[in-house]
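Colleague: Sending over a structure as structure tokens; questions will come in a sec.
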Amino acid sequence: MSYNNSSSMGFGSGNVRRTFEFGRTHVVRPKGEHQATIVWLHGLGDNGSSWSQILETLPLPNIKWICPTAPTRPVAIFGGFPSTAWFDVSEISEDAADDLEGLDASAAHVANLLSTEPRNVKLGIGGFSMGAATALHSATCHALGHYGNGNVYPINLSAVVALSGWLPCSRTLNNRIEGSRDFIRRAASFPLFLCHGRGDDVVAYEYGEKSARTLSSAGFRNLSFRSYNGLGHYTIPEETDEVCTWLTTNLGLEGYRLN
């Protein structure tokens, strides 16, 4: 199932304000009792449809998957050529400048998608590559209680999964959390699952591993990091099987089985 989502997010201050038009959203309905909803975010240049087809095959009958499509925008890493992207990026490294405005806009779009879900359903975010980076930004916003721009983060998240991704704004995280008791309390028990291939030639394995260490040292104690020998910038059944097991355990789901 898919539908056009005309939502736009305007972020900025003063005379500078960017509006982001998000693309088509694809929804995979639960085959069993609806116990959790997860928004899954695609990678740079992709769309929600491709991941919805993968997620539909997973043996997780109690999860509703929402797969939005990022705005099409000029992307610096492509020399300004337009592409679907959750935020702008000039290079995939910890030295790159962070597009906090774009990250906040995408995190707010995801929060908006989750805001209409039933109150008794657990809420999560997952993603691949740039989508994983956006999911991890949402995790830090949840723990802090606000977006990077200071606006209140409105969703009570239960879990975040990040495949082949990285932590944006990692250099400023310690400054942002300093003195925040709420962050320490929320982060300590919040379930995070990060996976990365050692053969990744797009988002370097070392960058993914360092992101996990940064999150752990910041206070995310309930964090699991899995590495896969020989895995490049893609996913494999071994990885998705572990994601299924982890989600079932951390969200308290029923009905999971390995085919």
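Following the order of the structure tokens, first chain is A, next is B, and so on, with residues numbered from 1 inside each chain and ligands from 1 in the order they appear.
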I need the residues in range 113-219 of chain A that are strand (DSSP E) according to DSSP; give them as an MDAnalysis selection string.

Modeller: chainID A and resid 122:128 159:163 192:197

Colleague: Within 12 Å of range 46-49 of chain A, counting only C-alpha atoms, which residues show up once you throw out same-chain ones fewer than 3 positions away? Write them as a PyMOL selection string, please.

Modeller: chain A and resi 1-5+22-28+39-43+52-56+65-72+83-86+127-131

Colleague: Closest to Pro168 in chain A among A:Gly208, A:Gly32, A:Gly230, A:Pro191, using only C-alpha atoms?

Modeller: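 Residue with the minimum atom-to-atom distance to Pro168 in chain A: A:Gly208.
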
Colleague: Fewer than 2 positions away in the same chain doesn't count, so skip those; otherwise give me all residues within 12 Å of Cys141 in chain A, counting only C-alpha atoms, as a PyMOL selection string.

Modeller: chain A and resi 100+103-104+106-108+111+134-139+143-157+160+168-169+173+176-177+182-183+186-187

Colleague: To one decimal place, how far is CA of Leu60 in chain A from CA of Glu33 in chain A in Å?

Modeller: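 CA of Leu60 in chain A sits 10.4 Å away from CA of Glu33 in chain A.
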
Colleague: Pick out the residues sitting within 8 Å of Ser170 in chain A, and hand them over as a PyMOL selection string; count only C-alpha atoms, and ignore anything fewer than 6 positions along from it in its own chain.

Modeller: chain A and resi 94+211+214

Colleague: Go ahead and save the picked residues with all heavy atoms, as a compact mmCIF listing (two decimals), in the first residue's frame.

Modeller:
# COMPACT_ATOMS: atom_id res chain seq x y z
N GLU A 94 33.41 11.88 9.71
CA GLU A 94 33.13 12.66 10.91
C GLU A 94 33.60 14.12 10.78
O GLU A 94 33.25 14.96 11.61
CB GLU A 94 33.76 12.01 12.14
CG GLU A 94 35.26 11.86 12.06
CD GLU A 94 35.78 11.04 13.23
OE1 GLU A 94 35.44 11.38 14.38
OE2 GLU A 94 36.52 10.08 12.99
N SER A 211 30.82 5.48 15.74
CA SER A 211 29.50 6.01 16.09
C SER A 211 28.91 5.22 17.25
O SER A 211 28.32 5.81 18.18
CB SER A 211 28.57 5.96 14.87
OG SER A 211 29.01 6.84 13.86
N THR A 214 30.70 6.22 20.41
CA THR A 214 30.28 7.56 20.84
C THR A 214 28.93 7.51 21.56
O THR A 214 28.75 8.12 22.62
CB THR A 214 30.19 8.52 19.63
OG1 THR A 214 31.47 8.62 19.01
CG2 THR A 214 29.72 9.90 20.06

Colleague: Determine which residues of range 14-233 of chain A DSSP labels as helix (DSSP H, G or I) from the backbone of this structure, then write them out as a ChimeraX atom specification.

Modeller: /A:48-55,76-78,100-114,130-144,170-177,181-189,205-218

Colleague: Enter the distance from CA of Pro74 in chain A to CA of Val89 in chain A, in Å, rounded to one decimal.

Modeller: 9.7 Å

Colleague: Report the distance between CA of Arg185 in chain A and CA of Asn222 in chain A in Å, rounded to one decimal place.

Modeller: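 Going from CA of Arg185 in chain A over to CA of Asn222 in chain A, I get 11.8 Å.
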